[in-house]
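Worksheet: one structure, shown below.
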Amino acid sequence: MRLILASLTLLLASSAFAAKDNCQKYFAYDRYMQAIKTVAQHTQYGLEEMCTLSTIWDIEAQPSRVITPKGDVIPHVRVQLHREYDSCLYMVRDADQVITSSRCYSGW
(Lines give C-alpha, C1' and ligand atoms only; values in the text may rest on other atoms or scores of the structure.)
Protein backbone atom coordinates (compact mmCIF):
# COMPACT_ATOMS: atom_id res chain seq x y z
CA MET A 1 0.00 0.00 0.00
CA ARG A 2 2.81 2.41 0.86
CA LEU A 3 4.50 1.65 -2.44
CA ILE A 4 1.32 2.49 -4.37
CA LEU A 5 0.86 5.70 -2.41
CA ALA A 6 4.49 6.71 -2.95
CA SER A 7 4.23 5.96 -6.68
CA LEU A 8 1.04 7.98 -6.99
CA THR A 9 2.58 10.93 -5.14
CA LEU A 10 5.65 10.83 -7.39
CA LEU A 11 3.49 10.69 -10.51
CA LEU A 12 1.37 13.66 -9.44
CA ALA A 13 4.42 15.69 -8.45
CA SER A 14 6.21 15.02 -11.73
CA SER A 15 3.14 15.89 -13.83
CA ALA A 16 2.67 19.12 -11.88
CA PHE A 17 6.32 20.00 -12.47
CA ALA A 18 6.04 19.22 -16.17
CA ALA A 19 3.04 21.52 -16.50
CA LYS A 20 4.90 24.54 -15.08
CA ASP A 21 4.09 27.72 -16.98
CA ASN A 22 6.75 30.40 -16.63
CA CYS A 23 4.49 33.01 -18.28
CA GLN A 24 1.49 32.59 -15.99
CA LYS A 25 2.52 35.48 -13.74
CA TYR A 26 2.39 37.84 -16.75
CA PHE A 27 -1.01 36.88 -18.22
CA ALA A 28 -2.67 39.98 -16.72
CA TYR A 29 -0.03 42.31 -18.21
CA ASP A 30 -0.50 42.82 -21.96
CA ARG A 31 2.72 44.82 -22.32
CA TYR A 32 4.84 42.02 -20.87
CA MET A 33 3.05 39.23 -22.71
CA GLN A 34 3.50 41.01 -26.04
CA ALA A 35 7.24 41.33 -25.38
CA ILE A 36 7.44 37.65 -24.38
CA LYS A 37 5.64 36.72 -27.63
CA THR A 38 8.21 38.76 -29.56
CA VAL A 39 11.06 36.89 -27.86
CA ALA A 40 9.35 33.55 -28.54
CA GLN A 41 9.14 34.37 -32.25
CA HIS A 42 12.76 35.55 -32.27
CA THR A 43 13.95 32.32 -30.64
CA GLN A 44 11.76 30.28 -33.01
CA TYR A 45 9.51 28.87 -30.30
CA GLY A 46 5.77 29.05 -30.05
CA LEU A 47 4.62 31.10 -27.06
CA GLU A 48 3.14 28.12 -25.22
CA GLU A 49 6.20 26.01 -25.99
CA MET A 50 8.63 28.63 -24.66
CA CYS A 51 6.54 29.21 -21.53
CA THR A 52 6.53 25.51 -20.62
CA LEU A 53 9.93 24.43 -21.95
CA SER A 54 11.71 22.39 -19.28
CA THR A 55 15.13 23.83 -20.15
CA ILE A 56 13.93 27.36 -19.33
CA TRP A 57 13.78 27.61 -15.56
CA ASP A 58 12.23 31.09 -15.39
CA ILE A 59 11.10 33.95 -17.60
CA GLU A 60 11.44 37.45 -16.23
CA ALA A 61 9.84 40.54 -17.81
CA GLN A 62 10.11 44.06 -16.45
CA PRO A 63 9.83 47.62 -17.68
CA SER A 64 12.96 49.28 -18.93
CA ARG A 65 14.09 52.08 -21.20
CA VAL A 66 16.86 53.04 -23.55
CA ILE A 67 18.18 56.59 -23.50
CA THR A 68 19.71 57.80 -26.76
CA PRO A 69 22.76 60.10 -26.90
CA LYS A 70 20.32 62.95 -27.71
CA GLY A 71 18.47 62.27 -24.46
CA ASP A 72 15.39 60.61 -25.97
CA VAL A 73 13.82 58.04 -23.67
CA ILE A 74 12.53 54.96 -25.51
CA PRO A 75 10.31 52.59 -23.46
CA HIS A 76 11.30 48.93 -23.62
CA VAL A 77 10.50 45.68 -21.85
CA ARG A 78 13.47 43.64 -20.66
CA VAL A 79 12.79 39.91 -21.07
CA GLN A 80 15.22 37.42 -19.57
CA LEU A 81 15.19 33.68 -20.13
CA HIS A 82 16.97 31.90 -17.29
CA ARG A 83 18.30 28.40 -17.92
CA GLU A 84 20.47 26.06 -15.88
CA TYR A 85 23.86 27.42 -16.94
CA ASP A 86 23.08 30.70 -18.68
CA SER A 87 20.59 33.50 -19.15
CA CYS A 88 19.64 35.53 -22.20
CA LEU A 89 18.44 39.12 -22.07
CA TYR A 90 16.29 40.73 -24.77
CA MET A 91 15.36 44.41 -24.95
CA VAL A 92 12.01 44.75 -26.74
CA ARG A 93 10.97 48.25 -27.86
CA ASP A 94 7.34 48.97 -26.90
CA ALA A 95 6.46 51.04 -29.98
CA ASP A 96 7.00 48.35 -32.61
CA GLN A 97 8.00 45.16 -30.74
CA VAL A 98 11.50 45.14 -32.23
CA ILE A 99 14.32 43.51 -30.27
CA THR A 100 16.90 46.29 -30.12
CA SER A 101 19.54 44.27 -28.28
CA SER A 102 20.10 40.76 -27.03
CA ARG A 103 22.87 38.96 -25.23
CA CYS A 104 23.43 35.74 -23.37
CA TYR A 105 25.70 35.36 -20.40
CA SER A 106 26.87 32.60 -18.13
CA GLY A 107 27.93 32.42 -14.52
CA TRP A 108 30.65 29.91 -15.37
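Residue names in the C-alpha coordinates use chain letters A, B, ... in the order shown, residue numbers from 1 in each chain, and ligand numbers from 1 in the order shown.
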
Pull the closest atom pair for each residue of stretch 30-68 of chain A that gets at most 7 Å from stretch 84-105 of chain A, along with the distance in Å to one decimal, counting only C-alpha atoms, ordering rows by chain and then ascending residue number, as JSON lines.
{"residue": "A:Ala35", "atom": "CA", "partner": "A:Val92", "partner_atom": "CA", "distance": 6.0}
{"residue": "A:Thr38", "atom": "CA", "partner": "A:Gln97", "partner_atom": "CA", "distance": 6.5}
{"residue": "A:Trp57", "atom": "CA", "partner": "A:Glu84", "partner_atom": "CA", "distance": 6.9}

Generate a file of the selected residues that holds all heavy atoms, formatted as an mmCIF file, in the first residue's frame.
data_model
loop_
_atom_site.group_PDB
_atom_site.id
_atom_site.type_symbol
_atom_site.label_atom_id
_atom_site.label_comp_id
_atom_site.auth_asym_id
_atom_site.auth_seq_id
_atom_site.Cartn_x
_atom_site.Cartn_y
_atom_site.Cartn_z
ATOM 1 N N ALA A 35 5.781 41.413 -25.288
ATOM 2 C CA ALA A 35 7.240 41.328 -25.381
ATOM 3 C C ALA A 35 7.711 39.868 -25.319
ATOM 4 O O ALA A 35 8.619 39.471 -26.061
ATOM 5 C CB ALA A 35 7.892 42.149 -24.272
ATOM 6 N N THR A 38 7.172 38.316 -28.626
ATOM 7 C CA THR A 38 8.206 38.757 -29.561
ATOM 8 C C THR A 38 9.478 37.933 -29.379
ATOM 9 O O THR A 38 10.093 37.492 -30.352
ATOM 10 C CB THR A 38 8.498 40.257 -29.366
ATOM 11 O OG1 THR A 38 7.294 40.992 -29.618
ATOM 12 C CG2 THR A 38 9.592 40.743 -30.290
ATOM 13 N N TRP A 57 14.172 27.706 -16.965
ATOM 14 C CA TRP A 57 13.782 27.613 -15.556
ATOM 15 C C TRP A 57 12.872 28.751 -15.133
ATOM 16 O O TRP A 57 12.019 28.586 -14.275
ATOM 17 C CB TRP A 57 15.021 27.578 -14.672
ATOM 18 C CG TRP A 57 15.766 26.278 -14.738
ATOM 19 C CD1 TRP A 57 15.589 25.273 -15.644
ATOM 20 C CD2 TRP A 57 16.794 25.842 -13.873
ATOM 21 N NE1 TRP A 57 16.457 24.245 -15.395
ATOM 22 C CE2 TRP A 57 17.216 24.568 -14.306
ATOM 23 C CE3 TRP A 57 17.414 26.407 -12.783
ATOM 24 C CZ2 TRP A 57 18.209 23.854 -13.668
ATOM 25 C CZ3 TRP A 57 18.427 25.699 -12.147
ATOM 26 C CH2 TRP A 57 18.809 24.426 -12.587
#

- Task: Go through chain A and collect every residue that DSSP, computed from the backbone, puts in strand (DSSP E or B); the answer should be as number ranges by chain.
- Result: A: 56-67, 73-83, 86-93, 99-106

- Counting only C-alpha atoms, the option among A:Ile59, A:Ser64, A:Gly71, A:Ser54 closest to A:Ala40: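 The closest residue to A:Ala40 is A:Ile59.
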
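Nearest-residue note for A:Glu48: choosing from A:Cys23, A:Val79, A:Val73, A:Ala28, the minimum distance belongs to A:Cys23, counting only C-alpha atoms.
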
- Note on the structure: One residue among A:Glu49, A:Gln34, A:His76, A:His82 is nearest to A:Gln62 when using only C-alpha atoms, and that residue is A:His76

- Query: DSSP says alpha helix (DSSP H) for which residues of chain A? Put them as a ChimeraX atom specification?
  - Reply: /A:2-18,30-42,47-52

- Nearest candidate to A:Gln80 (options A:Phe27, A:Asn22, A:Thr52, A:Tyr45; using only C-alpha atoms):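 Answer, going by the shortest atom-to-atom distance: A:Asn22.
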
- Item | Residue with smallest distance to A:Gln24 - pool A:Pro63, A:Val77, A:His42, A:Met50, counting only C-alpha atoms |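 Smallest separation from A:Gln24 among the options: A:Met50.
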
- Message: Nearest residue to A:Lys20 out of A:Gln44, A:Val39, A:Thr55, A:Tyr32, using only C-alpha atoms?
- Response: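 Smallest separation from A:Lys20 among the options: A:Thr55.
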